[in-house]
>>> print(open('entry.cif').read())   # mmCIF, C-alpha atoms and all ligand atoms
data_my_file
#
loop_
_atom_site.label_atom_id
_atom_site.label_comp_id
_atom_site.auth_asym_id
_atom_site.auth_seq_id
_atom_site.Cartn_x
_atom_site.Cartn_y
_atom_site.Cartn_z
CA MET N 1 3.38 16.58 22.55
CA ASP N 2 4.69 19.88 23.79
CA GLU N 3 5.29 19.85 27.57
CA SER N 4 3.27 22.96 28.45
CA LEU N 5 0.44 21.84 26.16
CA PHE N 6 0.34 18.48 27.99
CA ARG N 7 0.13 20.25 31.36
CA LEU N 8 -2.54 22.67 30.12
CA ALA N 9 -4.62 19.87 28.58
CA ILE N 10 -4.65 17.81 31.81
CA PHE N 11 -5.20 20.85 34.03
CA GLY N 12 -7.91 22.42 31.82
CA GLY N 13 -9.69 19.10 31.24
CA VAL N 14 -9.86 18.09 34.91
CA PHE N 15 -10.70 21.63 36.04
CA LEU N 16 -13.63 21.91 33.61
CA LEU N 17 -14.87 18.38 34.32
CA CYS N 18 -14.85 18.95 38.09
CA MET N 19 -16.45 22.38 37.70
CA VAL N 20 -19.32 20.91 35.65
CA ALA N 21 -19.68 18.13 38.27
CA GLU N 22 -19.84 20.78 41.03
CA PHE N 23 -22.81 22.40 39.31
CA ALA N 24 -24.48 19.09 38.48
CA ARG N 25 -23.96 17.30 41.81
CA PRO N 26 -22.74 19.69 44.53
CA LYS N 27 -22.01 18.13 47.91
CA ARG N 28 -22.63 21.30 49.91
CA PRO N 29 -24.39 24.61 49.35
CA TRP N 30 -21.85 27.43 48.95
CA ARG N 31 -21.73 29.54 52.11
CA GLU N 32 -20.11 32.67 50.66
CA SER N 33 -20.63 34.57 47.41
CA ARG N 34 -18.94 32.52 44.72
CA LEU N 35 -18.10 35.58 42.64
CA ARG N 36 -16.28 37.22 45.56
CA ARG N 37 -14.31 34.08 46.46
CA TRP N 38 -13.50 33.30 42.88
CA LEU N 39 -12.14 36.80 42.28
CA ILE N 40 -9.84 36.36 45.29
CA ASN N 41 -8.78 32.84 44.34
CA LEU N 42 -8.33 33.72 40.68
CA GLY N 43 -6.30 36.76 41.75
CA LEU N 44 -3.94 34.47 43.66
CA ILE N 45 -3.85 31.99 40.77
CA LEU N 46 -2.98 34.78 38.32
CA LEU N 47 -0.29 36.13 40.63
CA ASN N 48 1.19 32.65 41.08
CA THR N 49 1.17 32.01 37.35
CA VAL N 50 3.02 35.29 36.77
CA CYS N 51 5.46 34.69 39.68
CA VAL N 52 6.20 31.11 38.68
CA ARG N 53 6.33 31.67 34.92
CA LEU N 54 8.55 34.73 35.20
CA THR N 55 10.95 33.38 37.80
CA LEU N 56 11.10 29.61 37.93
CA GLY N 57 9.00 28.13 35.10
CA ALA N 58 8.84 24.32 35.03
CA LEU N 59 11.66 24.11 37.57
CA ALA N 60 11.28 20.47 38.61
CA VAL N 61 11.40 19.19 35.01
CA THR N 62 14.34 21.50 34.24
CA ALA N 63 16.10 20.07 37.33
CA ALA N 64 15.38 16.52 36.12
CA VAL N 65 16.83 17.30 32.66
CA TRP N 66 19.95 18.80 34.29
CA ALA N 67 20.38 15.78 36.60
CA GLU N 68 20.07 13.48 33.57
CA GLN N 69 22.70 15.41 31.59
CA GLU N 70 25.08 15.52 34.57
CA ASN N 71 24.33 11.91 35.52
CA VAL N 72 23.60 12.74 39.17
CA GLY N 73 21.11 11.40 41.69
CA LEU N 74 20.70 8.31 43.87
CA PHE N 75 18.75 6.35 41.23
CA ARG N 76 21.60 6.67 38.73
CA TRP N 77 24.28 5.87 41.27
CA PHE N 78 22.39 2.69 42.20
CA ALA N 79 21.74 1.94 38.50
CA LEU N 80 17.99 2.00 39.04
CA GLU N 81 16.26 2.48 35.70
CA GLY N 82 13.30 1.43 33.56
CA PRO N 83 9.74 0.99 34.90
CA MET N 84 10.99 0.48 38.48
CA ALA N 85 12.69 3.90 38.45
CA HIS N 86 9.51 5.55 37.07
CA ILE N 87 7.24 3.92 39.68
CA LEU N 88 9.59 4.46 42.61
CA GLY N 89 10.27 8.06 41.57
CA PHE N 90 6.53 8.78 41.39
CA ILE N 91 5.79 7.18 44.79
CA ILE N 92 8.69 8.92 46.57
CA LEU N 93 7.70 12.29 45.09
CA ASP N 94 4.13 11.77 46.33
CA ALA N 95 5.39 10.87 49.81
CA ALA N 96 7.64 13.96 49.79
CA ILE N 97 4.71 16.24 48.93
CA TRP N 98 2.71 14.63 51.76
CA PHE N 99 5.63 15.31 54.13
CA GLN N 100 5.94 18.92 52.95
CA HIS N 101 2.20 19.42 53.60
CA TRP N 102 2.49 17.84 57.07
CA LEU N 103 5.48 20.08 57.84
CA SER N 104 3.50 23.14 56.73
CA HIS N 105 1.15 22.42 59.61
CA GLN N 106 3.99 22.01 62.15
CA TRP N 107 6.39 24.90 61.49
CA SER N 108 4.94 28.28 62.29
CA TRP N 109 6.48 30.14 59.32
CA LEU N 110 5.37 27.51 56.88
CA TRP N 111 1.96 27.51 58.50
CA ARG N 112 1.72 31.29 58.13
CA LEU N 113 2.05 30.79 54.37
CA HIS N 114 -0.04 27.63 54.15
CA ARG N 115 -2.97 28.96 56.19
CA VAL N 116 -3.85 31.26 53.24
CA HIS N 117 -5.04 28.04 51.60
CA HIS N 118 -6.99 27.09 54.74
CA MET N 119 -8.66 30.49 55.08
CA ASP N 120 -11.05 29.65 52.23
CA LEU N 121 -14.53 29.43 53.73
CA ASP N 122 -15.89 27.18 51.00
CA LEU N 123 -14.15 24.46 49.04
CA ASP N 124 -14.31 24.14 45.29
CA VAL N 125 -11.98 23.69 42.32
CA THR N 126 -10.55 27.19 42.75
CA THR N 127 -9.35 26.35 46.30
CA ALA N 128 -7.00 23.77 44.79
CA LEU N 129 -4.87 26.56 43.33
CA ARG N 130 -5.26 29.15 46.07
CA PHE N 131 -1.82 29.37 47.65
CA HIS N 132 0.43 32.19 48.77
CA PRO N 133 3.04 32.89 46.01
CA ILE N 134 5.93 32.34 48.45
CA GLU N 135 4.57 28.90 49.32
CA ILE N 136 4.42 28.05 45.60
CA ILE N 137 8.04 29.17 45.09
CA LEU N 138 9.30 27.26 48.18
CA SER N 139 7.41 24.20 47.01
CA LEU N 140 9.04 24.37 43.55
CA LEU N 141 12.53 24.72 45.06
CA TYR N 142 11.89 21.78 47.40
CA LYS N 143 10.64 19.59 44.55
CA ALA N 144 13.58 20.53 42.30
CA ALA N 145 16.12 19.74 45.05
CA LEU N 146 14.48 16.38 45.64
CA VAL N 147 14.41 15.56 41.93
CA ILE N 148 18.17 16.24 41.70
CA LEU N 149 18.94 14.28 44.89
CA LEU N 150 17.01 11.25 43.67
CA GLY N 151 17.79 11.66 39.96
CA VAL N 152 14.17 11.20 38.90
CA ASP N 153 13.84 11.25 35.10
CA PRO N 154 12.09 14.20 33.37
CA LEU N 155 9.12 12.16 32.09
CA THR N 156 8.27 10.85 35.58
CA VAL N 157 8.47 14.40 36.98
CA LEU N 158 6.22 15.75 34.23
CA VAL N 159 3.63 12.98 34.72
CA PHE N 160 3.81 13.32 38.52
CA GLU N 161 3.22 17.08 38.39
CA ALA N 162 0.27 16.69 36.00
CA VAL N 163 -1.28 13.94 38.17
CA LEU N 164 -0.75 15.90 41.39
CA ASN N 165 -2.33 18.99 39.85
CA ALA N 166 -5.34 16.98 38.67
CA ALA N 167 -5.61 15.23 42.06
CA ALA N 168 -5.57 18.57 43.91
CA ILE N 169 -8.41 19.88 41.74
CA PHE N 170 -10.42 16.68 42.30
CA THR N 171 -9.93 16.53 46.10
CA HIS N 172 -10.96 20.17 46.57
CA ALA N 173 -13.99 19.94 44.26
CA ASN N 174 -17.41 20.36 45.83
CA ILE N 175 -18.79 17.20 44.23
CA ARG N 176 -21.04 14.49 45.56
CA LEU N 177 -19.61 11.10 44.71
CA PRO N 178 -21.72 7.97 45.32
CA SER N 179 -20.57 6.64 48.72
CA GLY N 180 -19.56 3.28 47.19
CA VAL N 181 -17.30 5.02 44.66
CA ASP N 182 -15.76 7.16 47.41
CA ARG N 183 -15.09 4.07 49.54
CA VAL N 184 -13.41 2.15 46.74
CA LEU N 185 -11.33 5.13 45.53
CA ARG N 186 -10.05 5.80 49.05
CA TRP N 187 -8.14 2.57 49.12
CA LEU N 188 -5.77 4.05 46.57
CA VAL N 189 -6.31 7.79 46.25
CA CYS N 190 -7.62 10.75 48.24
CA THR N 191 -11.21 11.83 47.57
CA PRO N 192 -13.11 15.11 48.11
CA ASP N 193 -14.91 13.64 51.18
CA MET N 194 -11.54 12.70 52.65
CA HIS N 195 -9.75 15.98 51.96
CA ARG N 196 -12.66 18.16 53.11
CA ILE N 197 -11.99 16.92 56.67
CA HIS N 198 -8.53 18.51 56.39
CA HIS N 199 -10.27 21.88 55.84
CA SER N 200 -12.50 21.50 58.92
CA ILE N 201 -12.58 24.29 61.51
CA TYR N 202 -11.65 21.73 64.21
CA PRO N 203 -7.84 21.65 64.61
CA ASN N 204 -7.72 17.88 65.26
CA GLU N 205 -9.47 17.36 61.90
CA THR N 206 -7.30 19.96 60.12
CA ASN N 207 -4.27 18.03 61.36
CA SER N 208 -5.34 14.90 59.52
CA ASN N 209 -5.74 13.75 55.88
CA TYR N 210 -2.74 15.60 54.43
CA GLY N 211 -2.65 13.56 51.22
CA PHE N 212 -3.26 14.98 47.76
CA PHE N 213 -2.97 11.88 45.62
CA LEU N 214 -2.09 8.52 47.23
CA SER N 215 -4.12 7.90 50.40
CA VAL N 216 -1.63 5.46 51.90
CA TRP N 217 0.57 8.04 53.70
CA ASP N 218 -2.19 9.23 56.04
CA ARG N 219 -2.87 5.62 57.02
CA ILE N 220 0.82 4.77 57.52
CA PHE N 221 1.46 7.83 59.69
CA LYS N 222 -1.83 7.38 61.56
CA VAL N 223 -3.34 10.74 60.70
CA TYR N 224 -6.24 9.37 58.71
CA SER N 225 -9.76 10.60 59.52
CA VAL N 226 -12.52 8.48 58.01
CA GLU N 227 -15.32 10.97 58.55
CA PRO N 228 -15.81 14.40 60.11
CA LYS N 229 -17.42 14.96 63.51
CA ASP N 230 -20.16 17.11 61.95
CA SER N 231 -22.10 16.31 58.80
CA PRO N 232 -20.01 16.70 55.59
CA GLU N 233 -22.84 18.84 54.17
CA THR N 234 -22.88 21.37 57.00
CA MET N 235 -19.46 21.15 58.70
CA VAL N 236 -17.78 24.56 59.05
CA LEU N 237 -14.69 25.04 56.90
CA GLY N 238 -11.73 27.39 57.33
CA LEU N 239 -9.94 28.55 60.46
CA GLU N 240 -11.70 29.47 63.68
CA ASP N 241 -10.20 32.97 63.88
CA TYR N 242 -10.88 33.83 60.25
CA GLN N 243 -14.54 33.29 59.59
CA HIS N 244 -15.44 36.66 58.04
CA GLN N 245 -15.07 36.83 54.29
CA GLN N 246 -14.83 40.64 54.33
CA GLU N 247 -11.53 40.34 56.27
CA LEU N 248 -10.11 37.83 53.81
CA GLY N 249 -9.57 39.93 50.70
CA LEU N 250 -6.66 39.41 48.31
CA LYS N 251 -4.43 42.05 49.93
CA ALA N 252 -5.14 40.78 53.46
CA LEU N 253 -4.24 37.24 52.39
CA LEU N 254 -1.00 38.32 50.72
CA VAL N 255 0.24 40.22 53.78
CA SER N 256 -1.14 37.78 56.35
CA PRO N 257 2.12 35.78 56.76
CA PHE N 258 3.92 38.98 57.79
CA ASN N 259 1.17 40.43 59.92
CA PHE N 260 2.42 39.95 63.46
CA GLU N 261 -0.92 40.92 64.92
CA LEU N 262 -2.25 37.68 63.57
CA LYS N 263 0.45 35.71 65.37
CA LYS N 264 -1.50 35.33 68.56
CA THR N 265 -4.30 33.64 66.67
CA LEU N 266 -2.03 31.02 65.14
CA ARG N 267 -3.67 27.67 65.76
CA ARG N 268 -2.14 24.41 64.86
CA GLU N 269 -3.45 21.97 67.38
ZN ZN F 301 -3.17 21.88 54.82
#
>>> encode(input="entry.cif", output="structure tokens")
Amino acid sequence: MDESLFRLAIFGGVFLLCMVAEFARPKRPWRESRLRRWLINLGLILLNTVCVRLTLGALAVTAAVWAEQENVGLFRWFALEGPMAHILGFIILDAAIWFQHWLSHQWSWLWRLHRVHHMDLDLDVTTALRFHPIEIILSLLYKAALVILLGVDPLTVLVFEAVLNAAAIFTHANIRLPSGVDRVLRWLVCTPDMHRIHHSIYPNETNSNYGFFLSVWDRIFKVYSVEPKDSPETMVLGLEDYQHQQELGLKALLVSPFNFELKKTLRRE
């Protein structure tokens, strides 16, 4: 199957499935106008698609193909191949994305970019793709460098990216899972109830549950929150200083990392 068709099929399928589930079994009532938020989020998604497609494309897979042709990367130097290389490559990439997310909450310039994602006042499938274009580009460069350093094979990178994309859509979806299902899933993967805590207005909750796919990293690094302080149905989402949707238009979000007036309101702890 063609690589972009594979990505599109996974992305489109999971996006539609989660969107239908949001309408059928929403966890929370939407606080803001969906149309307004969606226009902003879709604007960012469109911009990111154009930015990424025109400049970098499927950079991580391209990097993996290059590393394979040039025979570089730690896995190849240590003769690690077969299923073990696929599994280890996948797990290390997931840990690296967790680390990148954690770092985005620690370094002020990364946080300036990443907080665009946290300024969404509701959570739904569109939030999963709402990122500042510069954060998307930095993320692609980081992933490509890591793929070359490790020498992860192209198939593992392609599968990892598709799974991560699907996981991000699922964890941001406003869906009500039966509590038993949520509990069981959490042992292996992140769930919407788990990730919603990361979007809480309380900084100590925002600085927890960084995972997108495997839930193990938050437990290992002791930043796992089991449940939010307030009810999951009514807890306030977003950042304390940015609670007015009319101030969070597309243009304001795009310039927000460079807006020094906003610096004093930077909150990370
Ligand atoms: Zn975050």
>>> residues_around(input="entry.cif", residues="Leu253 in chain N", least_positions_apart="3", cutoff="12 Å", atoms="only C-alpha atoms", output="ChimeraX atom specification")
/N:40-41,43-44,112-120,130-134,242,245-250,256-259,262
>>> residues_near_ligand(input="entry.cif", ligand="ligand ZN 301 (chain F)", cutoff="10 Å", atoms="all atoms listed in the file", output="PyMOL selection string")
chain N and resi 98+100-105+111+114-118+195+198-199+206-212
>>> atom_distance(input="entry.cif", atom1="CA of Tyr202 in chain N", atom2="CA of Met235 in chain N")
9.6 Å
>>> closest_residue(input="entry.cif", among="N:Ile92, N:Ala144, N:Leu123, N:Leu185", to="Glu233 in chain N", atoms="only C-alpha atoms")
N:Leu123
>>> closest_residue(input="entry.cif", among="N:Val255, N:Ala21, N:Ala79, N:Val61", to="Leu158 in chain N", atoms="only C-alpha atoms")
N:Val61
>>> closest_residue(input="entry.cif", among="N:Trp109, N:Arg76, N:Ile91, N:Asn165", to="Ala9 in chain N", atoms="all atoms listed in the file")
N:Asn165
>>> atom_distance(input="entry.cif", atom1="CA of Ser215 in chain N", atom2="CA of Val236 in chain N")
23.2 Å
>>> residues_around(input="entry.cif", residues="Glu32 in chain N", least_positions_apart="5", cutoff="8 Å", atoms="only C-alpha atoms", output="list in words")
Arg37, Leu121, Asp122 and Gln245 of chain N
>>> closest_residue(input="entry.cif", among="N:Glu161, N:Asp230, N:Asp124, N:Glu68", to="Glu205 in chain N", atoms="only C-alpha atoms")
N:Asp230
>>> atom_distance(input="entry.cif", atom1="CA of Val125 in chain N", atom2="CA of Ala24 in chain N")
13.9 Å
>>> closest_residue(input="entry.cif", among="N:Met19, N:Glu3, N:Ile137, N:Phe75", to="Thr49 in chain N", atoms="all atoms listed in the file")
N:Ile137
>>> axis_aligned_box(input="entry.cif", around="range 192-199 of chain N", padding_each_side="3 Å", output="JSON")
{"center_x": -11.7, "center_y": 17.3, "center_z": 52.4, "size_x": 12.4, "size_y": 15.2, "size_z": 14.6}
>>> residues_near_point(input="entry.cif", point="(10.9, 11.2, 48.8)", cutoff="12 Å", atoms="only C-alpha atoms", output="ChimeraX atom specification")
/N:74-75,88-100,142-152,217
>>> write_last_selection(input="entry.cif", atoms="C-alpha atoms", output="compact mmCIF listing (two decimals), in the coordinates of the input")
# COMPACT_ATOMS: atom_id res chain seq x y z
CA LEU N 74 20.70 8.31 43.87
CA PHE N 75 18.75 6.35 41.23
CA LEU N 88 9.59 4.46 42.61
CA GLY N 89 10.27 8.06 41.57
CA PHE N 90 6.53 8.78 41.39
CA ILE N 91 5.79 7.18 44.79
CA ILE N 92 8.69 8.92 46.57
CA LEU N 93 7.70 12.29 45.09
CA ASP N 94 4.13 11.77 46.33
CA ALA N 95 5.39 10.87 49.81
CA ALA N 96 7.64 13.96 49.79
CA ILE N 97 4.71 16.24 48.93
CA TRP N 98 2.71 14.63 51.76
CA PHE N 99 5.63 15.31 54.13
CA GLN N 100 5.94 18.92 52.95
CA TYR N 142 11.89 21.78 47.40
CA LYS N 143 10.64 19.59 44.55
CA ALA N 144 13.58 20.53 42.30
CA ALA N 145 16.12 19.74 45.05
CA LEU N 146 14.48 16.38 45.64
CA VAL N 147 14.41 15.56 41.93
CA ILE N 148 18.17 16.24 41.70
CA LEU N 149 18.94 14.28 44.89
CA LEU N 150 17.01 11.25 43.67
CA GLY N 151 17.79 11.66 39.96
CA VAL N 152 14.17 11.20 38.90
CA TRP N 217 0.57 8.04 53.70
>>> closest_residue(input="entry.cif", among="N:Glu81, N:Glu22, N:Glu135, N:Asp218", to="Pro192 in chain N", atoms="all atoms listed in the file")
N:Glu22
>>> build_atoms(input="entry.cif", residues="range 132-143 of chain N", atoms="all heavy atoms", output="PDB file, keeping the file's coordinate frame")
ATOM      1  N   HIS N 132      -0.396  30.995  48.733  1.00  0.00           N
ATOM      2  CA  HIS N 132       0.430  32.190  48.770  1.00  0.00           C
ATOM      3  C   HIS N 132       1.598  32.015  47.787  1.00  0.00           C
ATOM      4  O   HIS N 132       2.192  30.926  47.741  1.00  0.00           O
ATOM      5  CB  HIS N 132       0.966  32.408  50.192  1.00  0.00           C
ATOM      6  CG  HIS N 132       1.505  33.782  50.403  1.00  0.00           C
ATOM      7  ND1 HIS N 132       2.744  34.169  49.949  1.00  0.00           N
ATOM      8  CD2 HIS N 132       0.961  34.878  50.988  1.00  0.00           C
ATOM      9  CE1 HIS N 132       2.941  35.445  50.257  1.00  0.00           C
ATOM     10  NE2 HIS N 132       1.868  35.893  50.882  1.00  0.00           N
ATOM     11  N   PRO N 133       1.960  33.055  46.999  1.00  0.00           N
ATOM     12  CA  PRO N 133       3.040  32.890  46.010  1.00  0.00           C
ATOM     13  C   PRO N 133       4.349  32.386  46.607  1.00  0.00           C
ATOM     14  O   PRO N 133       5.055  31.588  45.978  1.00  0.00           O
ATOM     15  CB  PRO N 133       3.223  34.305  45.442  1.00  0.00           C
ATOM     16  CG  PRO N 133       1.952  35.020  45.735  1.00  0.00           C
ATOM     17  CD  PRO N 133       1.341  34.389  46.942  1.00  0.00           C
ATOM     18  N   ILE N 134       4.666  32.800  47.842  1.00  0.00           N
ATOM     19  CA  ILE N 134       5.930  32.340  48.450  1.00  0.00           C
ATOM     20  C   ILE N 134       5.875  30.831  48.715  1.00  0.00           C
ATOM     21  O   ILE N 134       6.864  30.120  48.552  1.00  0.00           O
ATOM     22  CB  ILE N 134       6.254  33.127  49.744  1.00  0.00           C
ATOM     23  CG1 ILE N 134       6.388  34.615  49.420  1.00  0.00           C
ATOM     24  CG2 ILE N 134       7.542  32.613  50.389  1.00  0.00           C
ATOM     25  CD1 ILE N 134       6.620  35.491  50.626  1.00  0.00           C
ATOM     26  N   GLU N 135       4.709  30.345  49.103  1.00  0.00           N
ATOM     27  CA  GLU N 135       4.570  28.900  49.320  1.00  0.00           C
ATOM     28  C   GLU N 135       4.777  28.138  48.009  1.00  0.00           C
ATOM     29  O   GLU N 135       5.429  27.083  47.982  1.00  0.00           O
ATOM     30  CB  GLU N 135       3.198  28.546  49.933  1.00  0.00           C
ATOM     31  CG  GLU N 135       3.122  27.060  50.269  1.00  0.00           C
ATOM     32  CD  GLU N 135       1.851  26.626  50.988  1.00  0.00           C
ATOM     33  OE1 GLU N 135       0.861  27.372  51.013  1.00  0.00           O
ATOM     34  OE2 GLU N 135       1.855  25.496  51.518  1.00  0.00           O
ATOM     35  N   ILE N 136       4.257  28.694  46.927  1.00  0.00           N
ATOM     36  CA  ILE N 136       4.420  28.050  45.600  1.00  0.00           C
ATOM     37  C   ILE N 136       5.910  28.003  45.241  1.00  0.00           C
ATOM     38  O   ILE N 136       6.416  26.962  44.791  1.00  0.00           O
ATOM     39  CB  ILE N 136       3.641  28.858  44.520  1.00  0.00           C
ATOM     40  CG1 ILE N 136       2.139  28.792  44.781  1.00  0.00           C
ATOM     41  CG2 ILE N 136       3.989  28.360  43.115  1.00  0.00           C
ATOM     42  CD1 ILE N 136       1.460  27.512  44.353  1.00  0.00           C
ATOM     43  N   ILE N 137       6.612  29.108  45.456  1.00  0.00           N
ATOM     44  CA  ILE N 137       8.040  29.170  45.090  1.00  0.00           C
ATOM     45  C   ILE N 137       8.852  28.185  45.960  1.00  0.00           C
ATOM     46  O   ILE N 137       9.676  27.423  45.453  1.00  0.00           O
ATOM     47  CB  ILE N 137       8.567  30.617  45.199  1.00  0.00           C
ATOM     48  CG1 ILE N 137       7.921  31.460  44.085  1.00  0.00           C
ATOM     49  CG2 ILE N 137      10.089  30.670  45.086  1.00  0.00           C
ATOM     50  CD1 ILE N 137       8.179  32.944  44.156  1.00  0.00           C
ATOM     51  N   LEU N 138       8.588  28.184  47.284  1.00  0.00           N
ATOM     52  CA  LEU N 138       9.300  27.260  48.180  1.00  0.00           C
ATOM     53  C   LEU N 138       9.042  25.816  47.770  1.00  0.00           C
ATOM     54  O   LEU N 138       9.951  24.972  47.760  1.00  0.00           O
ATOM     55  CB  LEU N 138       8.833  27.460  49.631  1.00  0.00           C
ATOM     56  CG  LEU N 138       9.327  28.728  50.333  1.00  0.00           C
ATOM     57  CD1 LEU N 138       8.764  28.793  51.744  1.00  0.00           C
ATOM     58  CD2 LEU N 138      10.855  28.752  50.370  1.00  0.00           C
ATOM     59  N   SER N 139       7.801  25.548  47.404  1.00  0.00           N
ATOM     60  CA  SER N 139       7.410  24.200  47.010  1.00  0.00           C
ATOM     61  C   SER N 139       8.164  23.755  45.751  1.00  0.00           C
ATOM     62  O   SER N 139       8.612  22.608  45.659  1.00  0.00           O
ATOM     63  CB  SER N 139       5.901  24.212  46.775  1.00  0.00           C
ATOM     64  OG  SER N 139       5.461  22.989  46.355  1.00  0.00           O
ATOM     65  N   LEU N 140       8.304  24.688  44.795  1.00  0.00           N
ATOM     66  CA  LEU N 140       9.040  24.370  43.550  1.00  0.00           C
ATOM     67  C   LEU N 140      10.510  24.090  43.838  1.00  0.00           C
ATOM     68  O   LEU N 140      11.092  23.156  43.287  1.00  0.00           O
ATOM     69  CB  LEU N 140       8.925  25.546  42.579  1.00  0.00           C
ATOM     70  CG  LEU N 140       7.670  25.570  41.707  1.00  0.00           C
ATOM     71  CD1 LEU N 140       7.602  26.874  40.932  1.00  0.00           C
ATOM     72  CD2 LEU N 140       7.684  24.393  40.736  1.00  0.00           C
ATOM     73  N   LEU N 141      11.108  24.903  44.722  1.00  0.00           N
ATOM     74  CA  LEU N 141      12.530  24.720  45.060  1.00  0.00           C
ATOM     75  C   LEU N 141      12.735  23.373  45.749  1.00  0.00           C
ATOM     76  O   LEU N 141      13.688  22.650  45.466  1.00  0.00           O
ATOM     77  CB  LEU N 141      13.012  25.870  45.959  1.00  0.00           C
ATOM     78  CG  LEU N 141      13.075  27.256  45.296  1.00  0.00           C
ATOM     79  CD1 LEU N 141      13.395  28.323  46.328  1.00  0.00           C
ATOM     80  CD2 LEU N 141      14.125  27.272  44.171  1.00  0.00           C
ATOM     81  N   TYR N 142      11.822  23.051  46.667  1.00  0.00           N
ATOM     82  CA  TYR N 142      11.890  21.780  47.400  1.00  0.00           C
ATOM     83  C   TYR N 142      11.800  20.601  46.439  1.00  0.00           C
ATOM     84  O   TYR N 142      12.599  19.661  46.495  1.00  0.00           O
ATOM     85  CB  TYR N 142      10.726  21.774  48.405  1.00  0.00           C
ATOM     86  CG  TYR N 142      10.427  20.454  49.069  1.00  0.00           C
ATOM     87  CD1 TYR N 142      11.269  19.939  50.041  1.00  0.00           C
ATOM     88  CD2 TYR N 142       9.263  19.744  48.751  1.00  0.00           C
ATOM     89  CE1 TYR N 142      10.976  18.729  50.669  1.00  0.00           C
ATOM     90  CE2 TYR N 142       8.957  18.551  49.377  1.00  0.00           C
ATOM     91  CZ  TYR N 142       9.813  18.045  50.332  1.00  0.00           C
ATOM     92  OH  TYR N 142       9.511  16.862  50.947  1.00  0.00           O
ATOM     93  N   LYS N 143      10.832  20.676  45.517  1.00  0.00           N
ATOM     94  CA  LYS N 143      10.640  19.590  44.550  1.00  0.00           C
ATOM     95  C   LYS N 143      11.867  19.435  43.649  1.00  0.00           C
ATOM     96  O   LYS N 143      12.327  18.328  43.381  1.00  0.00           O
ATOM     97  CB  LYS N 143       9.397  19.877  43.708  1.00  0.00           C
ATOM     98  CG  LYS N 143       8.511  18.667  43.541  1.00  0.00           C
ATOM     99  CD  LYS N 143       7.277  18.899  42.691  1.00  0.00           C
ATOM    100  CE  LYS N 143       6.625  20.229  42.814  1.00  0.00           C
ATOM    101  NZ  LYS N 143       5.542  20.485  41.882  1.00  0.00           N
TER     102      LYS N 143
END
